[in-house]
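Have a look at input_17.pdb; it's PDB, C-alpha atoms and all ligand atoms:
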```
ATOM      1  CA  MET P 206     161.422-135.275  59.545  1.00  0.00           C
ATOM      2  CA  ILE P 207     158.391-136.186  61.694  1.00  0.00           C
ATOM      3  CA  ARG P 208     156.518-133.505  59.875  1.00  0.00           C
ATOM      4  CA  HIS P 209     157.357-135.165  56.515  1.00  0.00           C
ATOM      5  CA  VAL P 210     156.221-138.539  57.807  1.00  0.00           C
ATOM      6  CA  LEU P 211     152.934-137.045  58.975  1.00  0.00           C
ATOM      7  CA  LEU P 212     152.418-135.369  55.617  1.00  0.00           C
ATOM      8  CA  PHE P 213     153.138-138.643  53.865  1.00  0.00           C
ATOM      9  CA  LEU P 214     150.651-140.509  56.102  1.00  0.00           C
ATOM     10  CA  ALA P 215     148.049-137.820  55.417  1.00  0.00           C
ATOM     11  CA  PHE P 216     148.639-138.283  51.691  1.00  0.00           C
ATOM     12  CA  LEU P 217     148.277-142.063  52.014  1.00  0.00           C
ATOM     13  CA  SER P 218     144.997-141.834  53.878  1.00  0.00           C
ATOM     14  CA  SER P 219     143.603-139.342  51.381  1.00  0.00           C
ATOM     15  CA  SER P 220     144.642-141.489  48.436  1.00  0.00           C
ATOM     16  CA  THR P 221     142.808-144.540  49.823  1.00  0.00           C
ATOM     17  CA  SER P 222     139.563-142.575  49.552  1.00  0.00           C
ATOM     18  CA  LEU P 223     140.473-141.353  46.067  1.00  0.00           C
ATOM     19  CA  ALA P 224     137.786-143.469  44.413  1.00  0.00           C
ATOM     20  CA  ASN P 225     135.101-141.526  46.260  1.00  0.00           C
ATOM     21  CA  SER P 226     136.486-138.156  45.374  1.00  0.00           C
ATOM     22  CA  ILE P 227     136.834-138.534  41.594  1.00  0.00           C
ATOM     23  CA  THR P 228     134.196-136.071  40.581  1.00  0.00           C
ATOM     24  CA  ASP P 229     134.748-136.405  36.835  1.00  0.00           C
ATOM     25  CA  LEU P 230     133.859-140.081  36.942  1.00  0.00           C
ATOM     26  CA  CYS P 231     130.195-140.962  36.668  1.00  0.00           C
ATOM     27  CA  VAL P 232     129.861-144.735  36.397  1.00  0.00           C
ATOM     28  CA  ALA P 233     126.366-145.353  35.004  1.00  0.00           C
ATOM     29  CA  ASP P 234     123.501-146.360  37.216  1.00  0.00           C
ATOM     30  CA  LEU P 235     121.773-148.415  34.523  1.00  0.00           C
ATOM     31  CA  LYS P 236     118.527-148.414  36.512  1.00  0.00           C
ATOM     32  CA  GLY P 237     118.315-144.652  36.009  1.00  0.00           C
ATOM     33  CA  ALA P 238     116.805-143.015  32.936  1.00  0.00           C
ATOM     34  CA  LEU P 239     119.045-142.650  29.872  1.00  0.00           C
ATOM     35  CA  ASN P 240     119.121-139.064  28.639  1.00  0.00           C
ATOM     36  CA  PRO P 241     121.277-137.346  26.003  1.00  0.00           C
ATOM     37  CA  ALA P 242     124.069-136.801  28.536  1.00  0.00           C
ATOM     38  CA  GLY P 243     124.026-140.477  29.548  1.00  0.00           C
ATOM     39  CA  TYR P 244     122.845-142.257  32.692  1.00  0.00           C
ATOM     40  CA  PRO P 245     122.783-140.838  36.224  1.00  0.00           C
ATOM     41  CA  CYS P 246     125.845-141.676  38.334  1.00  0.00           C
ATOM     42  CA  LYS P 247     126.115-144.786  40.433  1.00  0.00           C
ATOM     43  CA  LYS P 248     126.213-143.883  44.118  1.00  0.00           C
ATOM     44  CA  PRO P 249     129.657-144.075  45.765  1.00  0.00           C
ATOM     45  CA  PRO P 250     131.703-145.781  46.956  1.00  0.00           C
ATOM     46  CA  LEU P 251     133.178-146.976  43.685  1.00  0.00           C
ATOM     47  CA  THR P 252     135.752-149.724  43.506  1.00  0.00           C
ATOM     48  CA  VAL P 253     138.326-150.489  40.837  1.00  0.00           C
ATOM     49  CA  ASN P 254     136.013-153.215  39.561  1.00  0.00           C
ATOM     50  CA  ASP P 255     133.575-150.514  38.463  1.00  0.00           C
ATOM     51  CA  LEU P 256     136.269-149.504  35.971  1.00  0.00           C
ATOM     52  CA  VAL P 257     137.036-152.956  34.591  1.00  0.00           C
ATOM     53  CA  PHE P 258     135.124-154.915  31.938  1.00  0.00           C
ATOM     54  CA  SER P 259     136.055-158.589  32.003  1.00  0.00           C
ATOM     55  CA  ASN P 260     133.942-159.940  29.186  1.00  0.00           C
ATOM     56  CA  PHE P 261     135.903-158.613  26.199  1.00  0.00           C
ATOM     57  CA  LYS P 262     136.056-162.104  24.733  1.00  0.00           C
ATOM     58  CA  ALA P 263     135.118-163.823  21.515  1.00  0.00           C
ATOM     59  CA  GLY P 264     131.425-164.698  21.479  1.00  0.00           C
ATOM     60  CA  ASN P 265     129.464-167.381  19.657  1.00  0.00           C
ATOM     61  CA  THR P 266     129.886-167.190  15.868  1.00  0.00           C
ATOM     62  CA  SER P 267     127.306-169.909  15.072  1.00  0.00           C
ATOM     63  CA  ASN P 268     124.872-167.501  13.473  1.00  0.00           C
ATOM     64  CA  ILE P 269     123.822-166.203  10.061  1.00  0.00           C
ATOM     65  CA  LEU P 270     126.680-163.650  10.118  1.00  0.00           C
ATOM     66  CA  LYS P 271     129.379-166.108  11.217  1.00  0.00           C
ATOM     67  CA  ALA P 272     130.430-163.246  13.454  1.00  0.00           C
ATOM     68  CA  SER P 273     130.271-162.246  17.096  1.00  0.00           C
ATOM     69  CA  PRO P 274     130.353-158.564  17.865  1.00  0.00           C
ATOM     70  CA  THR P 275     131.087-158.102  21.602  1.00  0.00           C
ATOM     71  CA  PRO P 276     130.162-154.576  22.679  1.00  0.00           C
ATOM     72  CA  ALA P 277     131.643-152.719  25.634  1.00  0.00           C
ATOM     73  CA  PHE P 278     129.144-149.876  25.350  1.00  0.00           C
ATOM     74  CA  VAL P 279     127.738-148.117  28.401  1.00  0.00           C
ATOM     75  CA  ALA P 280     125.081-150.817  28.833  1.00  0.00           C
ATOM     76  CA  GLN P 281     127.757-153.509  29.232  1.00  0.00           C
ATOM     77  CA  PHE P 282     130.538-151.306  30.648  1.00  0.00           C
ATOM     78  CA  PRO P 283     128.949-148.564  32.803  1.00  0.00           C
ATOM     79  CA  ALA P 284     132.340-146.905  33.439  1.00  0.00           C
ATOM     80  CA  VAL P 285     132.284-145.215  30.002  1.00  0.00           C
ATOM     81  CA  ASN P 286     129.145-143.244  30.921  1.00  0.00           C
ATOM     82  CA  GLY P 287     129.614-139.614  29.893  1.00  0.00           C
ATOM     83  CA  LEU P 288     133.230-140.123  28.811  1.00  0.00           C
ATOM     84  CA  GLY P 289     132.715-139.991  25.044  1.00  0.00           C
ATOM     85  CA  LEU P 290     134.203-143.357  24.219  1.00  0.00           C
ATOM     86  CA  SER P 291     133.544-147.104  24.158  1.00  0.00           C
ATOM     87  CA  ALA P 292     134.815-150.240  22.468  1.00  0.00           C
ATOM     88  CA  ALA P 293     133.836-153.516  20.875  1.00  0.00           C
ATOM     89  CA  ARG P 294     135.584-156.575  19.566  1.00  0.00           C
ATOM     90  CA  VAL P 295     134.531-158.380  16.440  1.00  0.00           C
ATOM     91  CA  ASP P 296     135.419-162.000  15.793  1.00  0.00           C
ATOM     92  CA  LEU P 297     134.744-163.282  12.294  1.00  0.00           C
ATOM     93  CA  ASP P 298     134.871-166.913  11.205  1.00  0.00           C
ATOM     94  CA  ALA P 299     135.877-167.702   7.632  1.00  0.00           C
ATOM     95  CA  GLY P 300     133.083-166.214   5.530  1.00  0.00           C
ATOM     96  CA  GLY P 301     131.939-164.016   8.413  1.00  0.00           C
ATOM     97  CA  VAL P 302     130.390-160.608   7.855  1.00  0.00           C
ATOM     98  CA  VAL P 303     129.386-157.510   9.815  1.00  0.00           C
ATOM     99  CA  PRO P 304     126.589-156.270   7.563  1.00  0.00           C
ATOM    100  CA  MET P 305     126.196-152.728   6.265  1.00  0.00           C
ATOM    101  CA  HIS P 306     125.404-150.399   9.175  1.00  0.00           C
ATOM    102  CA  SER P 307     126.132-147.003  10.648  1.00  0.00           C
ATOM    103  CA  HIS P 308     126.639-145.437  14.074  1.00  0.00           C
ATOM    104  CA  PRO P 309     124.725-142.180  13.744  1.00  0.00           C
ATOM    105  CA  GLY P 310     126.705-140.253  16.378  1.00  0.00           C
ATOM    106  CA  ALA P 311     130.064-141.978  16.569  1.00  0.00           C
ATOM    107  CA  THR P 312     133.403-142.062  14.796  1.00  0.00           C
ATOM    108  CA  GLU P 313     134.906-145.551  14.748  1.00  0.00           C
ATOM    109  CA  MET P 314     138.469-146.789  14.709  1.00  0.00           C
ATOM    110  CA  VAL P 315     139.202-150.365  13.630  1.00  0.00           C
ATOM    111  CA  ILE P 316     142.302-151.929  15.194  1.00  0.00           C
ATOM    112  CA  MET P 317     143.327-155.219  13.582  1.00  0.00           C
ATOM    113  CA  VAL P 318     144.394-157.976  15.932  1.00  0.00           C
ATOM    114  CA  ARG P 319     144.556-161.162  13.846  1.00  0.00           C
ATOM    115  CA  GLY P 320     143.663-162.453  10.406  1.00  0.00           C
ATOM    116  CA  ARG P 321     142.532-160.270   7.521  1.00  0.00           C
ATOM    117  CA  ILE P 322     139.357-158.221   7.354  1.00  0.00           C
ATOM    118  CA  THR P 323     138.103-156.179   4.414  1.00  0.00           C
ATOM    119  CA  THR P 324     136.387-153.107   5.764  1.00  0.00           C
ATOM    120  CA  GLY P 325     135.086-150.026   4.060  1.00  0.00           C
ATOM    121  CA  PHE P 326     132.599-147.208   4.024  1.00  0.00           C
ATOM    122  CA  ILE P 327     130.674-145.181   1.499  1.00  0.00           C
ATOM    123  CA  ALA P 328     131.042-141.446   1.961  1.00  0.00           C
ATOM    124  CA  ALA P 329     128.142-139.009   1.669  1.00  0.00           C
ATOM    125  CA  ASP P 330     129.251-138.166  -1.899  1.00  0.00           C
ATOM    126  CA  ASN P 331     129.232-141.926  -2.659  1.00  0.00           C
ATOM    127  CA  SER P 332     132.995-142.214  -2.943  1.00  0.00           C
ATOM    128  CA  VAL P 333     134.077-145.634  -1.714  1.00  0.00           C
ATOM    129  CA  PHE P 334     136.902-146.356   0.739  1.00  0.00           C
ATOM    130  CA  VAL P 335     137.713-150.064   1.061  1.00  0.00           C
ATOM    131  CA  LYS P 336     140.816-151.754   2.412  1.00  0.00           C
ATOM    132  CA  THR P 337     141.838-155.249   3.455  1.00  0.00           C
ATOM    133  CA  LEU P 338     143.434-154.829   6.868  1.00  0.00           C
ATOM    134  CA  LYS P 339     145.968-157.070   8.563  1.00  0.00           C
ATOM    135  CA  GLU P 340     147.544-157.101  12.004  1.00  0.00           C
ATOM    136  CA  GLY P 341     149.240-153.770  12.601  1.00  0.00           C
ATOM    137  CA  ASP P 342     146.697-151.783  10.596  1.00  0.00           C
ATOM    138  CA  ILE P 343     144.171-149.368  12.032  1.00  0.00           C
ATOM    139  CA  MET P 344     141.504-147.506  10.066  1.00  0.00           C
ATOM    140  CA  VAL P 345     139.066-144.688  10.793  1.00  0.00           C
ATOM    141  CA  ILE P 346     135.388-144.856   9.835  1.00  0.00           C
ATOM    142  CA  PRO P 347     133.918-141.327   9.870  1.00  0.00           C
ATOM    143  CA  PRO P 348     130.727-140.760  11.889  1.00  0.00           C
ATOM    144  CA  GLY P 349     127.347-141.770  10.532  1.00  0.00           C
ATOM    145  CA  LEU P 350     128.508-143.401   7.283  1.00  0.00           C
ATOM    146  CA  LEU P 351     127.411-146.830   6.080  1.00  0.00           C
ATOM    147  CA  HIS P 352     130.216-149.347   6.549  1.00  0.00           C
ATOM    148  CA  PHE P 353     130.859-153.090   6.771  1.00  0.00           C
ATOM    149  CA  GLN P 354     133.441-155.761   7.467  1.00  0.00           C
ATOM    150  CA  VAL P 355     133.992-159.170   5.905  1.00  0.00           C
ATOM    151  CA  ASN P 356     136.564-161.818   6.680  1.00  0.00           C
ATOM    152  CA  ALA P 357     139.109-161.678   3.866  1.00  0.00           C
ATOM    153  CA  GLY P 358     140.984-164.877   4.708  1.00  0.00           C
ATOM    154  CA  GLY P 359     140.137-168.516   5.254  1.00  0.00           C
ATOM    155  CA  LYS P 360     140.798-168.299   8.999  1.00  0.00           C
ATOM    156  CA  LYS P 361     139.311-166.615  12.048  1.00  0.00           C
ATOM    157  CA  ALA P 362     139.891-162.881  12.177  1.00  0.00           C
ATOM    158  CA  THR P 363     139.575-160.413  15.043  1.00  0.00           C
ATOM    159  CA  CYS P 364     139.564-156.660  15.302  1.00  0.00           C
ATOM    160  CA  PHE P 365     139.025-154.351  18.245  1.00  0.00           C
ATOM    161  CA  VAL P 366     136.994-151.241  17.601  1.00  0.00           C
ATOM    162  CA  THR P 367     136.786-147.953  19.507  1.00  0.00           C
ATOM    163  CA  TYR P 368     134.030-145.349  19.234  1.00  0.00           C
ATOM    164  CA  SER P 369     133.795-141.671  20.086  1.00  0.00           C
ATOM    165  CA  SER P 370     130.582-142.310  22.016  1.00  0.00           C
ATOM    166  CA  PRO P 371     129.666-144.394  25.063  1.00  0.00           C
ATOM    167  CA  ASN P 372     126.530-145.576  23.273  1.00  0.00           C
ATOM    168  CA  PRO P 373     127.254-146.083  19.539  1.00  0.00           C
ATOM    169  CA  GLU P 374     124.249-148.351  18.921  1.00  0.00           C
ATOM    170  CA  PRO P 375     124.421-149.416  15.270  1.00  0.00           C
ATOM    171  CA  GLN P 376     121.615-148.987  12.782  1.00  0.00           C
ATOM    172  CA  ILE P 377     121.836-152.093  10.625  1.00  0.00           C
ATOM    173  CA  LEU P 378     120.635-151.548   7.070  1.00  0.00           C
ATOM    174  CA  TYR P 379     118.937-154.920   6.504  1.00  0.00           C
ATOM    175  CA  ASN P 380     117.152-154.672   9.875  1.00  0.00           C
ATOM    176  CA  ALA P 381     115.940-151.166   9.109  1.00  0.00           C
ATOM    177  CA  LEU P 382     114.588-152.208   5.705  1.00  0.00           C
ATOM    178  CA  PHE P 383     113.523-155.822   6.247  1.00  0.00           C
ATOM    179  CA  GLY P 384     113.275-156.269  10.037  1.00  0.00           C
ATOM    180  CA  SER P 385     110.987-153.292  10.643  1.00  0.00           C
ATOM    181  CA  SER P 386     107.258-152.726  10.154  1.00  0.00           C
ATOM    182  CA  LEU P 387     107.765-150.275   7.265  1.00  0.00           C
ATOM    183  CA  ASP P 388     105.255-151.218   4.578  1.00  0.00           C
ATOM    184  CA  SER P 389     106.820-153.530   1.959  1.00  0.00           C
ATOM    185  CA  ASP P 390     105.478-151.430  -0.863  1.00  0.00           C
ATOM    186  CA  LEU P 391     107.180-148.334   0.578  1.00  0.00           C
ATOM    187  CA  VAL P 392     110.413-150.289   1.006  1.00  0.00           C
ATOM    188  CA  ALA P 393     110.205-151.437  -2.634  1.00  0.00           C
ATOM    189  CA  ARG P 394     109.353-147.974  -3.957  1.00  0.00           C
ATOM    190  CA  THR P 395     112.071-146.213  -1.942  1.00  0.00           C
ATOM    191  CA  THR P 396     114.829-148.716  -2.651  1.00  0.00           C
ATOM    192  CA  PHE P 397     113.893-149.732  -6.251  1.00  0.00           C
ATOM    193  CA  LEU P 398     113.990-153.349  -5.098  1.00  0.00           C
ATOM    194  CA  ASP P 399     111.495-155.820  -6.476  1.00  0.00           C
ATOM    195  CA  LEU P 400     108.393-156.096  -4.223  1.00  0.00           C
ATOM    196  CA  ALA P 401     108.516-159.914  -4.188  1.00  0.00           C
ATOM    197  CA  GLN P 402     112.161-159.781  -3.125  1.00  0.00           C
ATOM    198  CA  VAL P 403     111.314-157.285  -0.364  1.00  0.00           C
ATOM    199  CA  LYS P 404     108.565-159.586   0.941  1.00  0.00           C
ATOM    200  CA  LYS P 405     110.955-162.526   0.930  1.00  0.00           C
ATOM    201  CA  LEU P 406     113.538-160.532   2.897  1.00  0.00           C
ATOM    202  CA  LYS P 407     110.857-159.337   5.358  1.00  0.00           C
ATOM    203  CA  VAL P 408     110.209-162.981   6.203  1.00  0.00           C
ATOM    204  CA  LYS P 409     113.918-163.782   6.469  1.00  0.00           C
ATOM    205  CA  PHE P 410     114.699-160.870   8.802  1.00  0.00           C
ATOM    206  CA  GLY P 411     111.494-160.858  10.869  1.00  0.00           C
ATOM    207  CA  GLY P 412     109.897-157.687   9.547  1.00  0.00           C
ATOM    208  CA  SER P 413     106.204-157.068   9.011  1.00  0.00           C
ATOM    209  CA  GLY P 414     104.155-154.842   6.696  1.00  0.00           C
TER     210      GLY P 414
HETATM  211  C1  LIG R 501     126.514-171.273  19.826  1.00  0.00           C
HETATM  212  O1  LIG R 501     125.231-171.019  19.284  1.00  0.00           O
HETATM  213  C2  LIG R 501     124.629-172.156  18.702  1.00  0.00           C
HETATM  214  C3  LIG R 501     123.363-171.707  17.991  1.00  0.00           C
HETATM  215  O2  LIG R 501     122.587-170.884  18.799  1.00  0.00           O
HETATM  216  C4  LIG R 501     124.409-173.212  19.773  1.00  0.00           C
HETATM  217  O3  LIG R 501     123.833-174.362  19.205  1.00  0.00           O
HETATM  218  C5  LIG R 501     125.752-173.557  20.417  1.00  0.00           C
HETATM  219  O4  LIG R 501     125.544-174.452  21.490  1.00  0.00           O
HETATM  220  C6  LIG R 501     126.450-172.322  20.922  1.00  0.00           C
HETATM  221  N1  LIG R 501     127.790-172.672  21.354  1.00  0.00           N
HETATM  222  C7  LIG R 501     128.265-172.292  22.536  1.00  0.00           C
HETATM  223  C8  LIG R 501     129.679-172.709  22.822  1.00  0.00           C
HETATM  224  O5  LIG R 501     127.628-171.638  23.348  1.00  0.00           O
END
```
What is this file in structure tokens?
Amino acid sequence: MIRHVLLFLAFLSSSTSLANSITDLCVADLKGALNPAGYPCKKPPLTVNDLVFSNFKAGNTSNILKASPTPAFVAQFPAVNGLGLSAARVDLDAGGVVPMHSHPGATEMVIMVRGRITTGFIAADNSVFVKTLKEGDIMVIPPGLLHFQVNAGGKKATCFVTYSSPNPEPQILYNALFGSSLDSDLVARTTFLDLAQVKKLKVKFGGSG
């Protein structure tokens, strides 16, 4: 009996130091250099708060998109470092839009929480997959494909999104074309858009060239 009690106490004392002995957990040290495997590990001891993100809230939607994407990528939520996953929430006002973009290395799953959102992607063979989602729906966006979301109702809408990468930084199409320094003439020639229209959009989205 005493022996069992001692074993139990030994178990208790080892479990209190569990956080230090989790070798498959590498909470990011964001001051370290980012490399393809992620960030270096934060030095122990870790606490449970290293594993909790408390800012998964609706952001400010007073912007051109009428939307507030709230990322919980490795930069905001260092616990996902090296774990192959992350999340975001997207709140859309009436008329809100998440513009055409892709996550080059990440599959995405859209989990509807409230309201109605039309989301879709264009596959590499240009077939189109579009659906208006409501609470209870989830949808997969394959990796690397251009996709978008728009509010499909007259009320606020929210979805949560998960990614198969801790760092699924989006490439946003209008920023790439009109917010970059790529020469306007090259943008016009490679998109078949009118040069004057390209120059107008360069001004609107802060590009140069
Ligand atoms: C939201 O952003 C707008 C525009 O930047 C700003 O005027 C407003 O004060 C912000 N609202 C909140 C609640 O932060």
Please enumerate the residues selected by the PyMOL selection byres (((chain P and resi 234-237) around 8) and not hetatm) when evaluated against the supplied file, formatted as a list of chain:residue names.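 For this structure, the PyMOL selection byres (((chain P and resi 234-237) around 8) and not hetatm) resolves to P:Val232, P:Ala233, P:Ala238, P:Leu239, P:Tyr244, P:Pro245, P:Cys246, P:Lys247, P:Lys248, P:Ala280, P:Pro283.
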I need the residues from that last selection saved to file as a compact mmCIF listing (two decimals), in the coordinates of the input (with C-alpha atoms), if you can.
```txt
# COMPACT_ATOMS: atom_id res chain seq x y z
CA VAL P 232 129.86 -144.74 36.40
CA ALA P 233 126.37 -145.35 35.00
CA ALA P 238 116.80 -143.01 32.94
CA LEU P 239 119.04 -142.65 29.87
CA TYR P 244 122.84 -142.26 32.69
CA PRO P 245 122.78 -140.84 36.22
CA CYS P 246 125.84 -141.68 38.33
CA LYS P 247 126.12 -144.79 40.43
CA LYS P 248 126.21 -143.88 44.12
CA ALA P 280 125.08 -150.82 28.83
CA PRO P 283 128.95 -148.56 32.80
```
Contacts with ligand LIG 501 (chain R) at most 9 Å, all atoms listed in the file counted, listed as a list in words: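 Going residue by residue within 9 Å of ligand LIG 501 (chain R), we get Gly264, Asn265, Thr266, Ser267 and Asn268 of chain P.
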Figure out the distance between atom CA of Ala328 of chain P and atom CA of Phe410 of chain P, please, to one decimal in Å.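 Atom CA of Ala328 of chain P lies at a distance of 26.3 Å from atom CA of Phe410 of chain P.
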Could you jot down the atom CA of Asp342 of chain P to atom CA of Ile377 of chain P separation for me, Å, one decimal place?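 It comes out at 24.9 Å.
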Which residues come within 12 Å of Cys231 of chain P, counting all atoms listed in the file, excluding same-chain residues fewer than 3 positions away, as an NGL selection string? :P and (224-228 or 234-235 or 242-251 or 255-256 or 279 or 282-289)
